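One structure is given here, and the rest of the page talks about it.
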Amino acid sequence: MAAKPNQRVPAVRWDVNERVYAMCALPGGRLFVGSAQTGDINVYDPRNGRKETVIPAYDPNDATSMGHTSSVLAVTYMGKLGLFTSGADAKIIQWKLETFQAVQTYTGHKGLVGALCVIPSHYGTGLFSGSDDRTIKQWNTNTGKCVVTFRGHKSPVNCMVASDRYLYSGSKCVIKVWSLTTRKCLHQIDAHSDAIWSLKLTIGGELISGSSDSTIKVWEDPAGKPECMRVLMGHQGQVRNMLIWRNTLFSCSKDGTVACWDMNDWKVTEVLVGHEKTVTQMTLQNNQLCTSSFDKHINRWDVTSLLDTRQTVSQFVPYDQSRVEKERRRQKRDKKGDKDEKRFYSEQKKRALIHMDPKEAVFHYDALPLNYVIDKLEFKVRSSALVLDSLIYIPFLIMFVFFFLAWDRAIEQTYFISQAAVDVIEGRDIERQPWCTLDDGRAWDNPMSDIPVLRECNREIGLMKVEKKFIDIANAGDWGDWVMGIVFPYLFPGAGTSPLGDATRDPPTTGGKYLIGAMRFRTLRVTNESCSPNTGFFEDKLYDPGNKEYLDFYSQCFGLWEDGTNDEASYACAEPATCRRHPYPTGRFEREAYLKQQRGVSDTWANRWFDGSGFKYFSEGDIGGTRTIGKMTDSLWPPGGYTVEVPFRTKPNDARDMFAAIVDNGYVDNVATRFVTIEYMTYTTSVNYFSAHRFFVEIAPGGAWLSEGNIKNFRVYTPNMVGKRVYDIFFLIFVLYYCYKFIQQWVLEYRLTKSIVRYMFSAWNFLEFVNLICFLVTFGYRIQWWVLSDRDKDIAKMPPTTEEYPAKLDDILDAYMAQVYISSINTVLTFLKILKFVRLNDRLNILTRTLAACQQSIIGVLILFIWVVLGFAITGNSLFGGGIFEYRDLNTSFSTLLRQLLGDFDYEAMREENMHLTLPFFWTFEVLGLFLLLNFLIAVISDAFAEVSSEQSTIDLDAALAKTVSEIKSECTPASIDRRLRLLKHRKTQSSVLERLRQQLIEHRNSMITDEEVEAQQYRELLDGIFIHKSEYYDLIPDDSREYMNEDFVHRVWLDIAWEYNKDQRDNYQRSEERKKLLIVQACKQQVGELKEKMATVQEIRGRIDDMESRVRPLVQSWQLKHS
């Protein structure tokens, strides 16, 4: 193959990063290049090799995607028909170039499709495809159906070319000639010794073939008696493709070259060398030859000088995404234009349907709004599910009420149990020096005579009373008086002197209740130097190590109780000023001298709770118990501490000695003590309840004493409550059913949306989630309650035999109360779920619809409201926190301000704390919070309620009843029962089938708009007037649903939607007529008012005329007399 010595170079060369099997050029030069890997179609500007856009491959997550799923092997173009591509996925796809979207997919081949041929056809049958399945198919581009399949090749079909009468196809070694009239093979040409890859027809009718045998052959009269005229040789490998322009032939080969042949003498005019591997495709537009290759490059050559006749240059129009989107929208609008309401209903017919009996009108609705049908199907699916859920939920709710409230819970009686103790321990006045006198008036000789007492007993002072109760305790002395004067007589009633009889009280009872084990004293203390004083306020000399007296005094600092500051060292009379047993004769506490020698105090008791230095510290693990929540911020007191227990079986006088030993040896002081409590357990037989009594005092570092009583009533599970356990297990099965259903719906939502959190965006789903979590946690605590009750059943036996505080009952108490608290919260959640079911009724769902209509505005107002209250809470804490308990921290300050909005406030206390700033603080908050924000919130809800009420359509009672009776009758027919049985057989429901139909309608709707419009949910505004015909509605029923859904059911659903639509139309018509009447009345009133104003003007003018007449009349009469 001869070539010119001066070879030209590519004008542009660019990398496409993959092999190229298919390429096509449009007028103007734009290149469409098929991807050999992904199925994409890349679009290039040949002027510079810039990729303009990509037509994407098939996306399984996109319902509208119609691209290829694997390599694109052929691309061809045919005028108005657009672009055709085929690939290894055995599909042919037709693309509309104005929108770069697929318009039709042709399927039928069983192997990859590597050859395409398109010719003009009046009947739309000009598309041919050749495949590895050794067949050729002819397609109708109007219907997308295969017209005929040509069979006869014994190897894959690699190339085709067609005229108006004949089709030529090449495979291995042979060319077959087919008649397009008879659709039969006329004959076979044994053309080459290897596979044929390219066929072209000349203007004169000759057939040119290129083969893997490196030759090009020219055939004369190929459809009649084919004869090889010439054999063109020169390529050093497979001839992959050929291209003809007038009398110029271009051929490309595996040798990486492109040969230019002069068809007048069949000689090579030039060889283009620019690829390293097989050149696969060629295009010629605007005198520019583009070549693609396996070397992953595309070259553009300027071949103007090689063409005998130059091509007319077409202007290249750059790709414009906005223009493409605009064209897509235009075509979709054109597509939607034949589906508007006017096509189906004239104004006269619409008015007739509105005034027709609804039962008859429904049969005249052949088309309904598409969005309306989808919405009503969604409502039906939801309603059907809600009806079924409600039938299960009602018994579930009843069981829950019995589970939590109605099953053996004597709440009222437990109140009286608590109040009985509170009335005595918190309600009685505290006597001063109660240890000085006995009930009979004699002095109490509790201490040994040789032990000095700091203060002498004064009988007169002892008999005096002050108005001070538990809540008024303000120091260690008050606490000691309360313990000796109130607690002791209540829990250990009896004479102060030793009674006759046994050494114990058995059984120990008070007020009809069993006292269990022992009562417990427990205190928590902080160490010295648990805080650091500000040395800047003291003279440096005070901290001189030589000045020990001042150093020891001023370095003392007792701060907040927390981990690291708690004291665990034994102590007695740590603060002499409040200690009734100080000074000790030896200078320190001695257990032998001050405890064991006292009558009533046994060695066992003293050794258990005291050591040689005083009160012993016990950790939580030593004594058990439960935590206590106090009034102070972040106060959560642990169960350990300095602990002393007094058994309830102890004789009253001995118990009094034990109490005195606790109080007299400085158990509580005013400096280091931060928390002190007495706690005991009781059991009330009449109501089968245990009670945990805890009366504690918190002492702030500043010296304030905060007293609080806490009584919790609980039950202990016993074997004779097995019926309750069976009931609970049955209820648990109910809960697990709801959990399974919730997870099932969550998984379904995830499969549809591919989002794991989107399901929780629904308020009802989130409410259900919290509700189920609360149920599961409640059952966790209930199981723990069962286990603990069974484990510690001996300690709860009556009468009690233990002489220790029953700490294990605290564990049972915690498990029981956790159930009560969580169930209390869950009760609200469970009853709120009722609102989900009232959505079925237009009258009952007014609340949820109102909140849904204004939820965005409510959220905005609430955020602003919380922000304002938070700002005032910080201000209130700063202004009043130092003197008013309700403003002591940010949390209580916030709550106090919310109560202030409801009228609960103490203005005088605020004014006394801060006289100057109370007035602006109070009234600014009232104006902003109450007069503005709360009223604004009410206005938002009121507007939403008015809007929802105006939109709500009402159904006449007789019509609603008639419709309900009709539905019940239809559901009881044999056909309906048979349908439900078949659905049950396939594990489906009517709701699931309707949901499938709704999804089909949604896909149909989304196909009318762009993906971006679908994502933006613009289908409401864009498709507002689009109707769907009844036949089209039937056609969208999924094929797998037709076998067990008869046509009667689907038709009845259509009629039901038509009935709703007719009702809405009648309501809209009535509202429209009412608005017209109102406008007419207003216009008439306005006209009458204007007429009255004009009549008043006329009357005024008439009066003026009459006045003028009265003036002129004498003059006229005078003139008449003068001239008569």
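Letters A, B, ... mark the chains of the structure tokens in the order given; residue numbers begin at 1 per chain; ligand numbers begin at 1, in order shown.
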(message) Give me, as a count of residues only, the residues of segment 213-242 of chain A that a backbone DSSP run labels strand (DSSP E).
(response) 17
(message) Would you pick out the contacts of segment 413-417 of chain A at 12 Å or less, using only C-alpha atoms, so that residues sharing its chain but fewer than 3 positions from it are not included, and give the list as JSON, numbers by chain?
(response) {"A": [408, 409, 410, 420, 421, 422, 423, 424, 510, 511, 512, 513, 682, 683, 684, 685, 686, 687, 688, 689, 690, 691, 692, 693, 711, 712, 713, 714, 715]}
(message) Can you measure atom CA of Gln238 of chain A to atom CA of Val279 of chain A for me? One decimal in Å is fine.
(response)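 A separation of 9.7 Å between them.
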(request) Determine, counting only C-alpha atoms, which protein, DNA and RNA residues have an atom within 7 Å of an atom of Ile941 of chain A; residues of the same chain fewer than 4 positions away are not included. Present the result as a list of chain:residue names. (result) A:Cys854, A:Leu937, A:Phe945
Taking all heavy atoms for each residue, export the selection above as an mmCIF file, in the first residue's frame.
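Dumped everything to out13.cif:
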data_model
loop_
_atom_site.group_PDB
_atom_site.id
_atom_site.type_symbol
_atom_site.label_atom_id
_atom_site.label_comp_id
_atom_site.auth_asym_id
_atom_site.auth_seq_id
_atom_site.Cartn_x
_atom_site.Cartn_y
_atom_site.Cartn_z
ATOM 1 N N CYS A 854 -50.065 23.954 60.956
ATOM 2 C CA CYS A 854 -49.296 25.069 61.519
ATOM 3 C C CYS A 854 -48.022 24.617 62.208
ATOM 4 O O CYS A 854 -47.446 25.368 63.002
ATOM 5 C CB CYS A 854 -50.162 25.867 62.494
ATOM 6 S SG CYS A 854 -50.700 24.938 63.946
ATOM 7 N N LEU A 937 -48.801 32.541 69.641
ATOM 8 C CA LEU A 937 -48.937 31.101 69.458
ATOM 9 C C LEU A 937 -50.408 30.708 69.327
ATOM 10 O O LEU A 937 -50.779 29.885 68.469
ATOM 11 C CB LEU A 937 -48.303 30.385 70.654
ATOM 12 C CG LEU A 937 -48.240 28.858 70.602
ATOM 13 C CD1 LEU A 937 -47.354 28.399 69.466
ATOM 14 C CD2 LEU A 937 -47.736 28.304 71.920
ATOM 15 N N PHE A 945 -56.636 26.492 62.525
ATOM 16 C CA PHE A 945 -57.929 25.845 62.775
ATOM 17 C C PHE A 945 -59.000 26.392 61.837
ATOM 18 O O PHE A 945 -59.804 25.635 61.286
ATOM 19 C CB PHE A 945 -58.337 26.053 64.225
ATOM 20 C CG PHE A 945 -59.685 25.494 64.571
ATOM 21 C CD1 PHE A 945 -59.842 24.137 64.798
ATOM 22 C CD2 PHE A 945 -60.799 26.310 64.656
ATOM 23 C CE1 PHE A 945 -61.082 23.605 65.107
ATOM 24 C CE2 PHE A 945 -62.034 25.793 64.960
ATOM 25 C CZ PHE A 945 -62.188 24.436 65.191
#
So which residues touch segment 28-35 of chain A within 8 Å, counting only C-alpha atoms, skipping near sequence neighbours fewer than 2 positions away, as a PDB file with C-alpha atoms, in the first residue's frame?
ATOM      1  CA  GLU A  18     -10.977   3.209  27.653  1.00  0.00           C
ATOM      2  CA  ARG A  19     -11.238   1.215  24.450  1.00  0.00           C
ATOM      3  CA  VAL A  20     -13.754   2.459  21.896  1.00  0.00           C
ATOM      4  CA  TYR A  21     -15.948   0.017  19.999  1.00  0.00           C
ATOM      5  CA  ALA A  22     -18.663   2.408  18.808  1.00  0.00           C
ATOM      6  CA  MET A  23     -18.670   6.023  17.640  1.00  0.00           C
ATOM      7  CA  CYS A  24     -21.026   8.187  15.606  1.00  0.00           C
ATOM      8  CA  ALA A  25     -21.055  11.836  14.468  1.00  0.00           C
ATOM      9  CA  LEU A  26     -24.024  14.139  14.018  1.00  0.00           C
ATOM     10  CA  GLN A  37     -17.036  -0.618  30.408  1.00  0.00           C
ATOM     11  CA  THR A  38     -20.017   1.096  32.023  1.00  0.00           C
ATOM     12  CA  GLY A  39     -22.703   1.446  29.385  1.00  0.00           C
ATOM     13  CA  ASP A  40     -22.444   5.254  29.386  1.00  0.00           C
ATOM     14  CA  ILE A  41     -22.515   7.247  26.163  1.00  0.00           C
ATOM     15  CA  ASN A  42     -19.958  10.069  26.225  1.00  0.00           C
ATOM     16  CA  VAL A  43     -20.606  13.190  24.173  1.00  0.00           C
ATOM     17  CA  TYR A  44     -17.569  15.119  22.847  1.00  0.00           C
ATOM     18  CA  ASP A  45     -16.899  18.397  21.084  1.00  0.00           C
ATOM     19  CA  PRO A  46     -14.544  17.326  18.237  1.00  0.00           C
ATOM     20  CA  SER A  71     -20.575  -2.198  26.963  1.00  0.00           C
ATOM     21  CA  VAL A  72     -21.958  -0.129  24.079  1.00  0.00           C
ATOM     22  CA  LEU A  73     -20.924  -1.868  20.808  1.00  0.00           C
ATOM     23  CA  ALA A  74     -22.707   0.108  18.073  1.00  0.00           C
ATOM     24  CA  VAL A  75     -23.923   3.684  17.583  1.00  0.00           C
ATOM     25  CA  LEU A 284     -16.634  12.368   8.587  1.00  0.00           C
ATOM     26  CA  GLN A 285     -18.324  15.715   9.214  1.00  0.00           C
ATOM     27  CA  ASN A 286     -17.325  19.228   8.132  1.00  0.00           C
ATOM     28  CA  VAL A 313     -19.755  22.908   6.710  1.00  0.00           C
ATOM     29  CA  SER A 314     -22.534  22.789   9.326  1.00  0.00           C
ATOM     30  CA  GLN A 315     -22.279  25.062  12.334  1.00  0.00           C
ATOM     31  CA  PHE A 316     -21.461  23.287  15.593  1.00  0.00           C
ATOM     32  CA  VAL A 317     -23.944  24.195  18.356  1.00  0.00           C
TER      33      VAL A 317
END
(message) Quick check, in Å to one decimal: how far apart do atom CA of Gly124 of chain A and atom CA of Leu199 of chain A lie?
(response) 22.8 Å
(message) Taking 6 positions as the minimum chain separation for residues in the same chain, which residues sit within 6 Å of segment 94-102 of chain A when counting only C-alpha atoms? Answer as a VMD selection string.
(response) chain A and resid 82 to 84 324 328
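Distance-wise, atom CA of Gln856 of chain A and atom CA of Ser942 of chain A end up 14.3 Å apart.
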(request) For Ile93 of chain A, please output as a PyMOL selection string all residues within 8 Å (counting only C-alpha atoms; exclusion window: fewer than 2 positions along the same chain). (result) chain A and resi 67-68+84-86+91+95+102-106
